[in-house]
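Source file protein15.pdb; content: PDB, C-alpha atoms.
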ATOM      1  CA  MET B  10      10.980   1.523  -5.152  1.00  0.00           C
ATOM      2  CA  LEU B  11       8.081   3.823  -4.311  1.00  0.00           C
ATOM      3  CA  ASN B  12       7.283   4.325  -7.988  1.00  0.00           C
ATOM      4  CA  THR B  13       7.123   0.560  -8.348  1.00  0.00           C
ATOM      5  CA  ILE B  14       4.458   0.107  -5.683  1.00  0.00           C
ATOM      6  CA  ASP B  15       2.749   3.472  -6.329  1.00  0.00           C
ATOM      7  CA  TRP B  16      -1.017   2.723  -6.332  1.00  0.00           C
ATOM      8  CA  ARG B  17      -0.901  -0.925  -5.341  1.00  0.00           C
ATOM      9  CA  LYS B  18      -3.211  -2.146  -2.577  1.00  0.00           C
ATOM     10  CA  ILE B  19      -0.699  -2.437   0.237  1.00  0.00           C
ATOM     11  CA  ASN B  20      -2.306  -0.415   3.022  1.00  0.00           C
ATOM     12  CA  TYR B  21      -4.288  -2.240   5.661  1.00  0.00           C
ATOM     13  CA  GLU B  22      -7.518  -0.411   4.853  1.00  0.00           C
ATOM     14  CA  MET B  23      -7.104  -1.083   1.116  1.00  0.00           C
ATOM     15  CA  ILE B  24      -7.137  -4.805   1.781  1.00  0.00           C
ATOM     16  CA  PHE B  25      -9.644  -4.946   4.644  1.00  0.00           C
ATOM     17  CA  GLY B  26     -11.757  -1.905   3.967  1.00  0.00           C
ATOM     18  CA  TYR B  27     -13.675  -0.577   6.921  1.00  0.00           C
ATOM     19  CA  LEU B  28     -15.456  -3.098   9.055  1.00  0.00           C
ATOM     20  CA  PRO B  29     -18.363  -2.158  11.317  1.00  0.00           C
ATOM     21  CA  THR B  30     -17.556  -2.456  15.010  1.00  0.00           C
ATOM     22  CA  GLY B  31     -17.760  -6.055  16.156  1.00  0.00           C
ATOM     23  CA  CYS B  32     -17.080  -7.648  12.752  1.00  0.00           C
ATOM     24  CA  LYS B  33     -14.256 -10.131  12.554  1.00  0.00           C
ATOM     25  CA  LYS B  34     -11.600  -9.929   9.872  1.00  0.00           C
ATOM     26  CA  SER B  35     -11.179 -12.756   7.450  1.00  0.00           C
ATOM     27  CA  LEU B  36      -8.218 -14.970   8.311  1.00  0.00           C
ATOM     28  CA  LEU B  37      -7.439 -15.212   4.602  1.00  0.00           C
ATOM     29  CA  LEU B  38      -7.238 -11.426   4.297  1.00  0.00           C
ATOM     30  CA  GLU B  39      -5.139 -11.146   7.455  1.00  0.00           C
ATOM     31  CA  THR B  40      -2.704 -13.721   6.067  1.00  0.00           C
ATOM     32  CA  THR B  41      -2.595 -11.955   2.703  1.00  0.00           C
ATOM     33  CA  TYR B  42      -1.855  -8.604   4.350  1.00  0.00           C
ATOM     34  CA  LYS B  43       0.937 -10.086   6.469  1.00  0.00           C
ATOM     35  CA  GLN B  44       2.453 -11.857   3.464  1.00  0.00           C
ATOM     36  CA  ILE B  45       2.423  -8.682   1.374  1.00  0.00           C
ATOM     37  CA  THR B  46       3.941  -6.477   4.068  1.00  0.00           C
ATOM     38  CA  LYS B  47       6.592  -9.029   5.049  1.00  0.00           C
ATOM     39  CA  ARG B  48       7.689  -9.550   1.454  1.00  0.00           C
ATOM     40  CA  LEU B  49       7.777  -5.809   0.711  1.00  0.00           C
ATOM     41  CA  GLN B  50       9.761  -5.170   3.893  1.00  0.00           C
ATOM     42  CA  ASN B  51      12.326  -7.760   2.808  1.00  0.00           C
ATOM     43  CA  VAL B  52      12.623  -6.083  -0.606  1.00  0.00           C
ATOM     44  CA  VAL B  53      13.215  -2.700   1.063  1.00  0.00           C
ATOM     45  CA  TRP B  54      15.774  -4.153   3.495  1.00  0.00           C
ATOM     46  CA  ASN B  55      17.625  -5.814   0.631  1.00  0.00           C
ATOM     47  CA  LEU B  56      17.805  -2.453  -1.156  1.00  0.00           C
ATOM     48  CA  THR B  57      18.711  -0.314   1.854  1.00  0.00           C
ATOM     49  CA  ASN B  58      20.676  -2.594   4.177  1.00  0.00           C
ATOM     50  CA  ASN B  59      22.221  -5.083   1.776  1.00  0.00           C
ATOM     51  CA  GLY B  60      22.590  -3.045  -1.426  1.00  0.00           C
ATOM     52  CA  LEU B  61      20.808  -5.750  -3.430  1.00  0.00           C
ATOM     53  CA  GLU B  62      18.688  -4.862  -6.442  1.00  0.00           C
ATOM     54  CA  ARG B  63      15.165  -6.227  -6.739  1.00  0.00           C
ATOM     55  CA  SER B  64      15.166  -9.745  -8.140  1.00  0.00           C
ATOM     56  CA  SER B  65      12.896 -10.809 -10.975  1.00  0.00           C
ATOM     57  CA  GLU B  66      10.840 -12.681  -8.355  1.00  0.00           C
ATOM     58  CA  ASP B  67      10.513  -9.482  -6.296  1.00  0.00           C
ATOM     59  CA  LYS B  68       9.394  -7.546  -9.367  1.00  0.00           C
ATOM     60  CA  ALA B  69       6.861 -10.244 -10.284  1.00  0.00           C
ATOM     61  CA  PHE B  70       5.534 -10.258  -6.717  1.00  0.00           C
ATOM     62  CA  ILE B  71       5.061  -6.487  -6.705  1.00  0.00           C
ATOM     63  CA  GLU B  72       3.342  -6.629 -10.090  1.00  0.00           C
ATOM     64  CA  SER B  73       0.974  -9.276  -8.706  1.00  0.00           C
ATOM     65  CA  ILE B  74      -0.362  -6.935  -6.000  1.00  0.00           C
ATOM     66  CA  PRO B  75      -3.673  -5.478  -7.226  1.00  0.00           C
ATOM     67  CA  GLU B  76      -3.762  -1.783  -8.053  1.00  0.00           C
ATOM     68  CA  LEU B  77      -6.329   0.697  -6.838  1.00  0.00           C
ATOM     69  CA  ASP B  78      -9.142   1.459  -9.205  1.00  0.00           C
ATOM     70  CA  PRO B  79      -8.545   4.884 -10.802  1.00  0.00           C
ATOM     71  CA  SER B  80     -11.628   6.181  -8.956  1.00  0.00           C
ATOM     72  CA  GLU B  81      -9.917   5.317  -5.625  1.00  0.00           C
ATOM     73  CA  ILE B  82      -6.759   7.327  -6.314  1.00  0.00           C
ATOM     74  CA  PRO B  83      -6.693  10.755  -4.637  1.00  0.00           C
ATOM     75  CA  PRO B  84      -6.603  13.735  -7.000  1.00  0.00           C
ATOM     76  CA  VAL B  85      -3.328  15.597  -7.533  1.00  0.00           C
ATOM     77  CA  ASP B  86      -2.946  18.907  -5.713  1.00  0.00           C
ATOM     78  CA  ALA B  87      -2.513  21.633  -8.351  1.00  0.00           C
ATOM     79  CA  ASN B  88       0.103  23.533  -6.315  1.00  0.00           C
ATOM     80  CA  SER B  89       2.377  20.732  -5.174  1.00  0.00           C
ATOM     81  CA  GLN B  90       1.709  18.285  -8.025  1.00  0.00           C
ATOM     82  CA  LEU B  91       1.456  15.598  -5.341  1.00  0.00           C
ATOM     83  CA  PRO B  92      -1.586  13.425  -4.657  1.00  0.00           C
ATOM     84  CA  GLU B  93      -3.904  14.664  -1.956  1.00  0.00           C
ATOM     85  CA  TYR B  94      -4.293  12.425   1.071  1.00  0.00           C
ATOM     86  CA  PHE B  95      -6.836   9.657   1.301  1.00  0.00           C
ATOM     87  CA  ASN B  96      -9.867  10.886   3.269  1.00  0.00           C
ATOM     88  CA  GLU B  97      -9.091   8.635   6.237  1.00  0.00           C
ATOM     89  CA  PHE B  98      -5.715  10.371   6.699  1.00  0.00           C
ATOM     90  CA  VAL B  99      -6.911  13.967   6.489  1.00  0.00           C
ATOM     91  CA  VAL B 100      -6.665  15.783   9.807  1.00  0.00           C
ATOM     92  CA  PRO B 101      -9.554  18.210  10.254  1.00  0.00           C
ATOM     93  CA  ASP B 102      -8.571  21.884  10.561  1.00  0.00           C
ATOM     94  CA  GLY B 103      -7.947  23.006  14.122  1.00  0.00           C
ATOM     95  CA  LYS B 104      -6.979  19.591  15.467  1.00  0.00           C
TER      96      LYS B 104
END
Please re-express this file's structure in structure tokens.
Amino acid sequence: MLNTIDWRKINYEMIFGYLPTGCKKSLLLETTYKQITKRLQNVVWNLTNNGLERSSEDKAFIESIPELDPSEIPPVDANSQLPEYFNEFVVPDGK
């Protein structure tokens, strides 16, 4: 499942970006985010709780979620062969 959603825009900040303090979110974006997360959660529950494979509609839905631009994808760590974290998730040393 994770390979299916890999670099799709599913995180809150990927949809909303960073808004200056005091700005209001777009209702359309908020609805889109909630729809995406609810649908993905149902797909995961069907796989894990119900033992159901992804339907063709589920696959089409996942494919419809925009992907990150290649410039937005974190580089791969040479040692672990895993992507580095997005900057907003990096904890500064000593904290």
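Using only C-alpha atoms, the shortest contact distance between Ala69 of chain B and any of B:Leu49, B:Leu56, B:Val85, B:Ile19 is found at B:Leu49.
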**OP:** Around the point (-0.9, 2.5, -3.4), in the coordinates given by the file, pick out the residues reaching within 10 Å, counting all atoms listed in the file, and return them as a ChimeraX atom specification.
**Re:** /B:11-20,23,74-77,81-82
Subject >> Proximity to Ser73 of chain B - best of B:Ile45, B:Gly60, B:Asn51, B:Ser89, all atoms listed in the file >> reply: B:Ile45
**OP:** Would you mind reading off the distance between atom CA of Ile71 of chain B and atom CA of Arg48 of chain B, one decimal, in Å?
**Re:** 9.1 Å
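The coordinates place atom CA of Tyr42 of chain B at 29.3 Å from atom CA of Asp86 of chain B.
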Original post:
Expressed in Å to a single decimal, how great is the separation between atom CA of Lys68 of chain B and atom CA of Gln90 of chain B?
Top reply: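 So the answer is 27.0 Å.
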Please, can segment 76-95 of chain B be completed to N, CA and C atoms and returned as a CSV table (one decimal), in the frame of the given file?
chain,number,residue,atom,x,y,z
B,76,GLU,N,-3.8,-3.2,-8.1
B,76,GLU,CA,-3.8,-1.8,-8.1
B,76,GLU,C,-5.1,-1.2,-7.7
B,77,LEU,N,-5.1,0.0,-7.1
B,77,LEU,CA,-6.3,0.7,-6.8
B,77,LEU,C,-7.1,1.0,-8.1
B,78,ASP,N,-8.3,1.0,-8.1
B,78,ASP,CA,-9.1,1.5,-9.2
B,78,ASP,C,-8.9,3.0,-9.4
B,79,PRO,N,-8.8,3.5,-10.6
B,79,PRO,CA,-8.5,4.9,-10.8
B,79,PRO,C,-9.5,5.8,-10.0
B,80,SER,N,-10.7,5.4,-9.7
B,80,SER,CA,-11.6,6.2,-9.0
B,80,SER,C,-11.2,6.3,-7.5
B,81,GLU,N,-10.4,5.3,-7.0
B,81,GLU,CA,-9.9,5.3,-5.6
B,81,GLU,C,-8.7,6.1,-5.4
B,82,ILE,N,-8.0,6.6,-6.4
B,82,ILE,CA,-6.8,7.3,-6.3
B,82,ILE,C,-7.1,8.8,-6.0
B,83,PRO,N,-6.4,9.3,-5.0
B,83,PRO,CA,-6.7,10.8,-4.6
B,83,PRO,C,-6.3,11.7,-5.8
B,84,PRO,N,-7.0,12.8,-6.0
B,84,PRO,CA,-6.6,13.7,-7.0
B,84,PRO,C,-5.3,14.4,-6.7
B,85,VAL,N,-4.6,14.9,-7.7
B,85,VAL,CA,-3.3,15.6,-7.5
B,85,VAL,C,-3.6,17.1,-7.2
B,86,ASP,N,-2.9,17.5,-6.1
B,86,ASP,CA,-2.9,18.9,-5.7
B,86,ASP,C,-2.3,19.8,-6.8
B,87,ALA,N,-3.0,20.8,-7.3
B,87,ALA,CA,-2.5,21.6,-8.4
B,87,ALA,C,-1.2,22.4,-8.0
B,88,ASN,N,-1.1,22.8,-6.7
B,88,ASN,CA,0.1,23.5,-6.3
B,88,ASN,C,1.3,22.7,-6.2
B,89,SER,N,1.2,21.6,-5.5
B,89,SER,CA,2.4,20.7,-5.2
B,89,SER,C,2.6,19.7,-6.2
B,90,GLN,N,1.6,19.4,-7.0
B,90,GLN,CA,1.7,18.3,-8.0
B,90,GLN,C,1.8,16.9,-7.4
B,91,LEU,N,1.5,16.9,-6.1
B,91,LEU,CA,1.5,15.6,-5.3
B,91,LEU,C,0.0,15.2,-5.1
B,92,PRO,N,-0.2,13.9,-5.0
B,92,PRO,CA,-1.6,13.4,-4.7
B,92,PRO,C,-2.1,14.0,-3.3
B,93,GLU,N,-3.3,14.3,-3.2
B,93,GLU,CA,-3.9,14.7,-2.0
B,93,GLU,C,-4.0,13.4,-1.1
B,94,TYR,N,-4.2,13.6,0.2
B,94,TYR,CA,-4.3,12.4,1.1
B,94,TYR,C,-5.6,11.7,0.9
B,95,PHE,N,-5.6,10.4,1.2
B,95,PHE,CA,-6.8,9.7,1.3
B,95,PHE,C,-7.7,10.3,2.4
